[in-house]
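Below is work-v6.txt, holding compact mmCIF, C-alpha atoms.
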```
# COMPACT_ATOMS: atom_id res chain seq x y z
CA MET A 2 -120.19 12.39 52.89
CA THR A 3 -118.05 13.19 49.88
CA LEU A 4 -117.97 16.33 47.78
CA SER A 5 -116.39 16.68 44.36
CA SER A 6 -115.96 19.42 41.79
CA ILE A 7 -116.55 18.71 38.13
CA VAL A 8 -115.57 20.72 35.06
CA VAL A 9 -118.12 20.37 32.27
CA GLN A 10 -117.24 21.36 28.71
CA THR A 11 -119.79 22.30 26.08
CA ARG A 12 -119.78 24.43 22.95
CA PRO A 13 -120.45 28.13 23.64
CA GLU A 14 -123.67 28.05 21.62
CA ASN A 15 -125.04 25.29 23.89
CA LEU A 16 -123.96 26.91 27.15
CA LYS A 17 -127.36 28.21 28.30
CA THR A 18 -129.10 24.93 27.47
CA VAL A 19 -126.53 22.84 29.35
CA ILE A 20 -126.55 25.16 32.38
CA THR A 21 -130.34 24.95 32.52
CA SER A 22 -130.20 21.14 32.30
CA LEU A 23 -127.64 20.97 35.11
CA LYS A 24 -129.58 23.37 37.33
CA GLU A 25 -132.85 21.48 36.79
CA SER A 26 -131.28 18.13 37.61
CA ASP A 27 -131.03 16.92 41.19
CA LEU A 28 -127.50 15.70 40.49
CA CYS A 29 -125.34 18.73 41.13
CA GLU A 30 -124.96 22.33 42.16
CA TYR A 31 -124.01 24.89 39.50
CA HIS A 32 -121.35 27.47 40.45
CA LEU A 33 -119.99 29.36 37.44
CA HIS A 34 -119.08 29.25 33.76
CA ASP A 35 -117.03 31.12 31.18
CA GLU A 36 -117.72 32.18 27.62
CA LYS A 37 -115.69 29.26 26.24
CA GLY A 38 -118.25 26.74 27.48
CA ARG A 39 -116.54 25.56 30.68
CA ILE A 40 -118.91 25.05 33.61
CA ILE A 41 -118.00 24.35 37.24
CA ILE A 42 -120.38 22.20 39.28
CA THR A 43 -120.17 20.14 42.47
CA VAL A 44 -121.73 16.81 43.38
CA GLU A 45 -122.31 15.29 46.80
CA GLY A 46 -122.71 11.68 47.78
CA SER A 47 -122.58 9.23 50.61
CA GLY A 48 -119.42 7.89 48.96
CA VAL A 49 -117.33 8.05 45.81
CA GLU A 50 -119.47 5.42 44.08
CA GLU A 51 -122.55 7.65 44.32
CA GLU A 52 -120.57 10.59 42.95
CA ILE A 53 -119.26 8.52 40.03
CA ASN A 54 -122.84 7.47 39.21
CA LYS A 55 -123.88 11.14 39.16
CA LEU A 56 -120.87 12.05 37.01
CA THR A 57 -121.73 9.29 34.54
CA GLU A 58 -125.30 10.55 34.29
CA ILE A 59 -124.11 14.14 33.76
CA GLN A 60 -121.73 12.97 31.02
CA SER A 61 -124.74 11.60 29.13
CA PHE A 62 -126.58 14.96 29.00
CA PRO A 63 -127.11 16.35 25.50
CA HIS A 64 -124.49 18.85 24.27
CA ILE A 65 -121.90 17.93 26.92
CA ILE A 66 -118.53 17.29 25.31
CA SER A 67 -116.85 16.21 28.55
CA ALA A 68 -117.42 16.23 32.29
CA GLU A 69 -114.46 15.31 34.49
CA MET A 70 -113.98 15.19 38.25
CA MET A 71 -111.26 17.61 39.29
CA TYR A 72 -111.25 17.51 43.09
CA SER A 73 -112.76 15.21 45.68
CA TYR A 74 -113.14 15.66 49.44
CA SER A 75 -114.15 12.93 51.84
CA GLU A 76 -115.20 13.95 55.32
CA ASP A 77 -114.86 10.35 56.55
CA GLU A 78 -111.30 10.03 55.25
CA LEU A 79 -110.31 13.26 56.96
CA ASP A 80 -111.83 12.10 60.25
CA LYS A 81 -109.92 8.79 60.04
CA LEU A 82 -106.66 10.62 59.37
CA ARG A 83 -107.28 12.91 62.33
CA GLU A 84 -107.84 9.87 64.57
CA ASN A 85 -104.51 8.38 63.45
CA ILE A 86 -102.56 11.54 64.26
CA GLY A 87 -103.12 11.03 67.98
CA ASP A 88 -100.28 12.43 70.05
CA ASN A 89 -97.87 12.68 67.12
CA ILE A 90 -98.38 16.43 66.72
CA PRO A 91 -95.21 18.30 67.67
CA THR A 92 -95.76 20.59 70.66
CA TRP A 93 -94.44 23.64 68.80
CA MET A 94 -97.44 23.45 66.41
CA ASN A 95 -99.73 24.45 69.29
CA ASP A 96 -97.34 27.06 70.67
CA GLU A 97 -98.64 30.59 70.01
CA ASN A 98 -95.10 31.94 70.41
CA ALA A 99 -93.52 29.58 67.86
CA ASN A 100 -91.45 31.33 65.21
CA ALA A 101 -91.63 30.06 61.62
CA LYS A 102 -87.87 30.65 61.25
CA ASP A 103 -87.28 27.95 63.88
CA ILE A 104 -89.05 25.21 61.92
CA VAL A 105 -86.65 22.54 60.69
CA TYR A 106 -87.81 20.66 57.61
CA GLN A 107 -87.14 16.92 57.97
CA GLY A 108 -87.98 15.94 54.40
CA ASP A 109 -85.76 15.57 51.39
CA LEU A 110 -85.94 18.16 48.62
CA LYS A 111 -83.51 16.60 46.17
CA LYS A 112 -80.93 16.18 48.94
CA LYS A 113 -81.14 19.88 49.89
CA TYR A 114 -81.63 20.58 53.57
```
Just give me the structure of the file as structure tokens.
Amino acid sequence: MTLSSIVVQTRPENLKTVITSLKESDLCEYHLHDEKGRIIITVEGSGVEEEINKLTEIQSFPHIISAEMMYSYSEDELDKLRENIGDNIPTWMNDENANAKDIVYQGDLKKKY
């Protein structure tokens, strides 16, 4: 399953009409809007392709200026990443007594350690 958020833009005078159209469709779930005509919705799908198809259909609704995917979450991808972690988790991450001051960053922030 995948879940994505979409920001829809319409003109303020068309806001109620577009919200009604989105709510009546089986394509998405409405969450909130502002007075400028921005609407936040989410779509679910069995994969990204299904979500893109829903997005394309939403983009064709009357009075919608734009509808763009902002965030996508894939449960399957997360599960695969968890499987690959295996035993590579440092022991201190599961230590209830670990102190954040003792964490040593091993990355490279512009050559600053």
(message) At a cut-off of 6 Å, using all atoms listed in the file, what residues contact stretch 24-33 of chain A? Leave out same-chain residues fewer than 2 positions from it and give the result as a ChimeraX atom specification.
(response) /A:21-22,40-44,55
(request) Figure out the distance between atom CA of A:Glu76 and atom CA of A:Ile7, please, to one decimal in Å. (result) 17.9 Å
Is it possible to get the axis-aligned box enclosing stretch 40-54 of chain A (all listed atoms, 4 Å extra per side) as AutoDock Vina command-line options, with centre and edge lengths in Å rounded to one decimal?
```
--center_x -120.1 --center_y 15.2 --center_z 42.1 --size_x 13.5 --size_y 27.6 --size_z 25.0
```
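Between atom CA of A:Ile90 and atom CA of A:Tyr72 there is a distance of 26.9 Å.
The interatomic distance for the pair atom CA of A:Met2 and atom CA of A:Asn54 works out to 14.8 Å.
The residues that lie within 7 Å of the point (-110.7, 22.6, 38.8), counting only C-alpha atoms, are Ser6, Val8, Met71 and Tyr72 of chain A.
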(request) Please identify all polymer residues within 9 Å of A:Ser75, counting all atoms listed in the file, omitting same-chain residues fewer than 5 positions from it, and present them as a PyMOL selection string. (result) chain A and resi 2-5+48-49+80
(request) Would you mind listing what lies within 12 Å of A:Trp93 as a PyMOL selection string, with all atoms listed in the file counted and same-chain residues fewer than 6 positions away left out? (result) chain A and resi 99-101+103-105
Those residues you just picked out, can you put them in a file as an mmCIF file, in the coordinates of the input with C-alpha atoms?
```cif
data_model
loop_
_atom_site.group_PDB
_atom_site.id
_atom_site.type_symbol
_atom_site.label_atom_id
_atom_site.label_comp_id
_atom_site.auth_asym_id
_atom_site.auth_seq_id
_atom_site.Cartn_x
_atom_site.Cartn_y
_atom_site.Cartn_z
ATOM 1 C CA ALA A 99 -93.520 29.580 67.860
ATOM 2 C CA ASN A 100 -91.450 31.330 65.210
ATOM 3 C CA ALA A 101 -91.630 30.060 61.620
ATOM 4 C CA ASP A 103 -87.280 27.950 63.880
ATOM 5 C CA ILE A 104 -89.050 25.210 61.920
ATOM 6 C CA VAL A 105 -86.650 22.540 60.690
#
```
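Minimum atom-to-atom distance to A:Ser73, evaluated using all atoms listed in the file, belongs to A:Glu52 out of A:Gln10, A:Asn95, A:Glu52, A:Ser61.
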